There are 2 protein chains.
Amino acid sequence: MKFMFEKGDIVQYFQSLQDTICKGLEQADGLEKFQEDKWIREGGGGGRTRVIQNGNVIEKGGVNFSEVFGPAPELLSKEPATFFASGVSLVIHPKSPMVPIIHMNVRHLSLQTPNSPLRTSEWFGGGIDLTPIYVDEADAIYFHRTLKATCDRFHPSFYPEFKKWADDYFFIKHRNETRGIGGIFFDHIASPPTPLQKERGVIQDVGWGQLFEFVQAIGNVFLPIYTHLIRKNKGKIFGEKEKQWQLFRRGRYAEFNLIYDRGTKFGLETNGRAESILMSLPPQANWAYNFLPEKNSSEEKMLAMLKKGFEWVM
Amino acid sequence: MKFMFEKGDIVQYFQSLQDTICKGLEQADGLEKFQEDKWIREGGGGGRTRVIQNGNVIEKGGVNFSEVFGPAPELLSKEPATFFASGVSLVIHPKSPMVPIIHMNVRHLSLQTPNSPLRTSEWFGGGIDLTPIYVDEADAIYFHRTLKATCDRFHPSFYPEFKKWADDYFFIKHRNETRGIGGIFFDHIASPPTPLQKERGVIQDVGWGQLFEFVQAIGNVFLPIYTHLIRKNKGKIFGEKEKQWQLFRRGRYAEFNLIYDRGTKFGLETNGRAESILMSLPPQANWAYNFLPEKNSSEEKMLAMLKKGFEWVM
């Protein structure tokens with residue numbers, strides 16, 4: 001079996017996606033520009049890290065493109081193999097607690113066993129999830145409805161399965177809390193479906209072409225979603241209490257990223273560039289011992305929504 | 001083989017150590033008191049979490065005692081076994097960047113295989129390490145010299161071996177930086193020496209009684225060391241630049257604790273009480289993309305000292 005795509009097509013799409021997103025976010029921010037650092041990975045490949053800091057809307061955000069390859073780390077393959085991975089990954093931490101944190105990632109991975117060059121495998125992965133500091137229900141419904149509409153263009157099972165996957169993945173086990181209001185998450189999707197994909201119930205074979213289009217649709221839907229959320233919320237008034245709640249919730253975000261996030265783990269364990277991987281960390285995070293919101297406060301109500309299985313669209 | 005100690009002796013020492021340290025730190029702080037939360041672990045055991053916040057000197061600090069037991073997690077034993085672990089663990093985050101962060105832990109662990117009750121094993125572990133925001137060389141020498149003097153009372157190999165162990169353990173691999181200026185670290189020390197102990201070169205058998213006394217000496221030396229460092233440094237003037245550097249270095253501390261710290265991992269994976277385990281996190285931490293100190297600044301000079309193998313005493 002040969003690779004289903006010219007790698008160039010995928011890499012080209014990811015690079016142009018990074019360009020489009022950075023341009024769109026700069027417009028939405030209105031003040032700051034992304035700074036680019038090109039880096040080269042010792043084992044093979046490299047990337048373009050783009051970071052924006054201290055903007056009008058965005059306090060700290062990173063939009064990374066990378067294509068890395070070389071001997072596959074044990075995490076990926078127990079037998080000797082080479083891997084080729086490319087993708088775009090972003091995390092945006094807005095200044096205002098009224099604008100949610102967002103994360104998006106789309107990626108393609110292929111593995112080749114050198115001793116038997118016919119044995120290759122490849123798959124797509126990705127996801128978008130939203131982490132509001134206060135949950136605006138209209139925003140949550142808009143977010144999930146938009147993701148569902150995007151998924152539904154490819155297969156009716158995609159949204160429910162990938163939504164459930166996000167609930168399971170973006171989960172802070174030691175806090176028994178989801179990271180935010182979820183979104184979609186998928187990994188190891190291929191044609192024909194991979195064992196993991198089947199285990200997760202996404203068993204329909206939509207074909208390679210459709211899968212690549214789906215990944216592009218997810219990448220492309222990020223900008224309209226997030227610029228809408230910025231426009232709608234950036235002008236909202238907030239005070240010290242809301243700012244403190246944001247800093248505290250950002251602590252949870254840091255806990256998730258450093259303890260559970262597979263991309264972070266994969267990056268650090270494969271000696272990736274630490275500053276590019278950890279651009280996802282918040283500009284500031286606070287921890288107070290046993291901090292509990294007041295009874296019946298909007299903070300307490302918001303916490304009650306950080307549960308798996310919350311359905312925002314029917 | 002039966003256990004070498006009445007468990008009560010060890011637990012009683014750890015509890016009185018927690019009492020002594022909390023009292024001493026309250027005196028050194030001069031304003032705030034520790035608040036205690038007693039908690040019960042579902043699988044067996046529990047603890048006394050004591051936290052102090054927003055003091056004169058201490059911004060956030062926790063001094064925890066715990067004794068937990070039950071079926072051994074896979075981390076501890078591959079065959080079915082019961083474990084009993086007790087210890088004191090503390091982390092202090094001072095308000096002033098001129099006072100270093102400190103961590104101390106002493107612990108005892110035993111494993112018993114139920115099918116063959118004669119097969120038990122037990123060991124001590126522990127350590128102290130110092131994380132200055134700015135390295136005061138006199139303080140660093142005082143810190144290591146005091147630890148060396150304490151170790152030397154038991155065996156001349158203890159300080160050099162445990163100092164090296166601390167360099168290896170308190171290391172932030174993805175940053176290629178030590179967490180601070182090290183100290184001592186030891187694990188799985190027993191009589192006769194355990195395989196791990198032999199591997200680390202600590203091969204002399206000082207006997208169980210001496211080992212328990214050594215662990216007590218380490219626990220007891222914490223308070224004089226840290227109250228000295230507080231008294232000497234709490235009045236030093238600092239400005240916004242020093243405060244920012246502290247917040248940035250605390251980000252590294254959070255990275256170490258959430259990614260590498262074995263106690264944190266063990267606690268979270270065995271469903272420990274998250275608030276007690278994560279009391280070690282700083283009250284506030286900042287991350288800026290690719291933040292580098294100015295050339296020849298005291299911040300840059302300090303970074304150069306975060307290397308393994310720095311010898312502070314001969």
# chains A, B, ... in the order shown; residues from 1 in each chain; ligands from 1
>>> interface_residues(of="chain A", to="chain B", cutoff="8 Å", atoms="only C-alpha atoms", output="ChimeraX atom specification")
/A:51,60,174-175,255,258-259,268,271,274-275,279,281-290
>>> select_by_dssp(residues="stretch 163-264 of chain A", states="helix (DSSP H, G or I)", output="VMD selection string")
chain A and resid 163 to 169 173 to 175 195 to 199 208 to 233 240 to 259 262 to 264
>>> residues_around(residues="stretch 6-18 of chain A", least_positions_apart="4", cutoff="7 Å", atoms="only C-alpha atoms", output="list in words")
Cys22, Val63, Phe65, Ser86, Gly87, Val88 and Gly219 of chain A
>>> write_last_selection(atoms="C-alpha atoms", output="JSON list (two decimals), in the first residue's frame")
[["chain", "number", "residue", "atom", "x", "y", "z"],
["A", 22, "CYS", "CA", -2.80, 34.10, 11.86],
["A", 63, "VAL", "CA", -0.44, 28.96, 16.16],
["A", 65, "PHE", "CA", 2.83, 24.45, 12.11],
["A", 86, "SER", "CA", 2.59, 17.23, 10.20],
["A", 87, "GLY", "CA", -0.09, 19.49, 11.56],
["A", 88, "VAL", "CA", -1.32, 22.77, 12.94],
["A", 219, "GLY", "CA", -9.30, 23.49, 10.28]]
>>> closest_residue(among="B:Val99, B:Leu90, B:Val206, B:Ile181", to="B:Lys243", atoms="only C-alpha atoms")
B:Val99
>>> residues_around(residues="stretch 133-138 of chain B", least_positions_apart="2", cutoff="9 Å", atoms="only C-alpha atoms", output="mmCIF file with C-alpha atoms, in the first residue's frame")
data_model
loop_
_atom_site.group_PDB
_atom_site.id
_atom_site.type_symbol
_atom_site.label_atom_id
_atom_site.label_comp_id
_atom_site.auth_asym_id
_atom_site.auth_seq_id
_atom_site.Cartn_x
_atom_site.Cartn_y
_atom_site.Cartn_z
ATOM 1 C CA PRO B 97 11.689 36.766 45.328
ATOM 2 C CA MET B 98 14.670 37.180 47.639
ATOM 3 C CA VAL B 99 13.581 34.195 49.787
ATOM 4 C CA PRO B 100 14.016 30.829 48.039
ATOM 5 C CA ILE B 101 11.283 28.247 47.500
ATOM 6 C CA THR B 131 14.915 26.766 44.534
ATOM 7 C CA ALA B 140 23.794 28.002 48.724
ATOM 8 C CA ILE B 141 27.005 27.077 50.522
ATOM 9 C CA TYR B 142 25.278 27.286 53.915
ATOM 10 C CA PHE B 143 22.445 25.072 52.636
ATOM 11 C CA GLY B 180 17.095 24.995 41.651
ATOM 12 C CA ILE B 181 20.425 24.487 43.390
ATOM 13 C CA GLU B 242 12.618 40.710 40.527
ATOM 14 C CA TRP B 245 11.473 36.844 37.431
ATOM 15 C CA GLN B 246 10.007 35.055 40.433
ATOM 16 C CA ARG B 249 10.667 30.802 37.709
ATOM 17 C CA ARG B 250 7.551 29.589 39.514
ATOM 18 C CA SER B 298 21.789 38.673 37.454
ATOM 19 C CA GLU B 299 18.946 36.606 35.991
ATOM 20 C CA LYS B 301 23.989 34.511 35.776
ATOM 21 C CA MET B 302 21.517 32.673 37.961
ATOM 22 C CA LEU B 303 20.356 30.505 35.038
ATOM 23 C CA MET B 305 23.982 27.858 37.890
ATOM 24 C CA TRP B 312 28.896 23.953 46.696
#
>>> residues_around(residues="A:Phe162", least_positions_apart="4", cutoff="12 Å", atoms="only C-alpha atoms", output="VMD selection string")
chain A and resid 125 to 129 144 147 to 148 150 to 152 155 to 158 166 to 170 182 to 189 197 200 to 202 218 309
>>> write_last_selection(atoms="C-alpha atoms", output="PDB file, in the first residue's frame")
ATOM      1  CA  GLY A 125      -6.313  13.267  14.061  1.00  0.00           C
ATOM      2  CA  GLY A 126      -7.535  16.529  15.448  1.00  0.00           C
ATOM      3  CA  GLY A 127     -10.072  18.428  17.444  1.00  0.00           C
ATOM      4  CA  ILE A 128     -11.407  21.740  18.689  1.00  0.00           C
ATOM      5  CA  ASP A 129     -12.459  22.452  22.234  1.00  0.00           C
ATOM      6  CA  HIS A 144     -21.417  22.803  19.191  1.00  0.00           C
ATOM      7  CA  LEU A 147     -19.140  21.761  14.802  1.00  0.00           C
ATOM      8  CA  LYS A 148     -22.096  19.424  14.279  1.00  0.00           C
ATOM      9  CA  THR A 150     -19.397  20.716   9.824  1.00  0.00           C
ATOM     10  CA  CYS A 151     -19.242  17.049  10.873  1.00  0.00           C
ATOM     11  CA  ASP A 152     -22.665  16.236   9.410  1.00  0.00           C
ATOM     12  CA  HIS A 155     -21.058  11.491   8.202  1.00  0.00           C
ATOM     13  CA  PRO A 156     -23.927  11.639  10.733  1.00  0.00           C
ATOM     14  CA  SER A 157     -21.904   9.537  13.196  1.00  0.00           C
ATOM     15  CA  PHE A 158     -18.985  11.986  13.264  1.00  0.00           C
ATOM     16  CA  ALA A 166     -13.695  15.129  23.318  1.00  0.00           C
ATOM     17  CA  ASP A 167     -15.591  14.689  26.616  1.00  0.00           C
ATOM     18  CA  ASP A 168     -13.375  11.697  27.407  1.00  0.00           C
ATOM     19  CA  TYR A 169     -10.136  13.295  26.238  1.00  0.00           C
ATOM     20  CA  PHE A 170     -10.404  16.856  27.590  1.00  0.00           C
ATOM     21  CA  GLY A 182     -15.719  20.118  25.087  1.00  0.00           C
ATOM     22  CA  GLY A 183     -16.066  20.127  21.319  1.00  0.00           C
ATOM     23  CA  ILE A 184     -14.808  17.361  19.072  1.00  0.00           C
ATOM     24  CA  PHE A 185     -11.749  15.110  19.210  1.00  0.00           C
ATOM     25  CA  PHE A 186     -10.656  12.307  16.895  1.00  0.00           C
ATOM     26  CA  ASP A 187      -7.502  10.267  16.409  1.00  0.00           C
ATOM     27  CA  HIS A 188      -6.341   7.407  14.202  1.00  0.00           C
ATOM     28  CA  ILE A 189      -9.083   7.889  11.644  1.00  0.00           C
ATOM     29  CA  GLN A 197     -11.686   4.104  15.351  1.00  0.00           C
ATOM     30  CA  ARG A 200     -14.831   4.332  19.397  1.00  0.00           C
ATOM     31  CA  GLY A 201     -17.797   3.408  17.157  1.00  0.00           C
ATOM     32  CA  VAL A 202     -16.780   5.422  14.077  1.00  0.00           C
ATOM     33  CA  ILE A 218     -12.407  21.377  10.806  1.00  0.00           C
ATOM     34  CA  GLY A 309     -22.155  13.991  28.471  1.00  0.00           C
TER      35      GLY A 309
END
>>> atom_distance(atom1="atom CA of B:Pro192", atom2="atom CA of B:Arg107")
17.9 Å
>>> select_by_dssp(residues="stretch 131-225 of chain B", states="strand (DSSP E or B)", output="ChimeraX atom specification")
/B:131,171-172,177-178,183-189
>>> atom_distance(atom1="atom CA of A:Lys308", atom2="atom CA of A:Thr178")
6.6 Å
>>> residues_around(residues="B:Trp123", least_positions_apart="5", cutoff="10 Å", atoms="only C-alpha atoms", output="MDAnalysis selection string")
chainID B and resid 85 107:111 187:191 193:194 208 211:212
>>> residues_around(residues="B:Gly235", least_positions_apart="2", cutoff="12 Å", atoms="only C-alpha atoms", output="list in words")
Asn56, Val57, Lys95, Ser96, Pro97, Met98, Val99, Leu229, Ile230, Arg231, Lys232, Asn233, Ile237 and Phe238 of chain B
>>> closest_residue(among="B:Glu26, B:Glu311, B:Glu240, B:Glu213", to="B:Phe124", atoms="only C-alpha atoms")
B:Glu213
>>> atom_distance(atom1="atom CA of A:Val106", atom2="atom CA of A:Glu79")
25.8 Å
>>> closest_residue(among="B:Asp139, B:Phe310, B:Tyr226, B:Ile40", to="B:Lys164", atoms="only C-alpha atoms")
B:Phe310
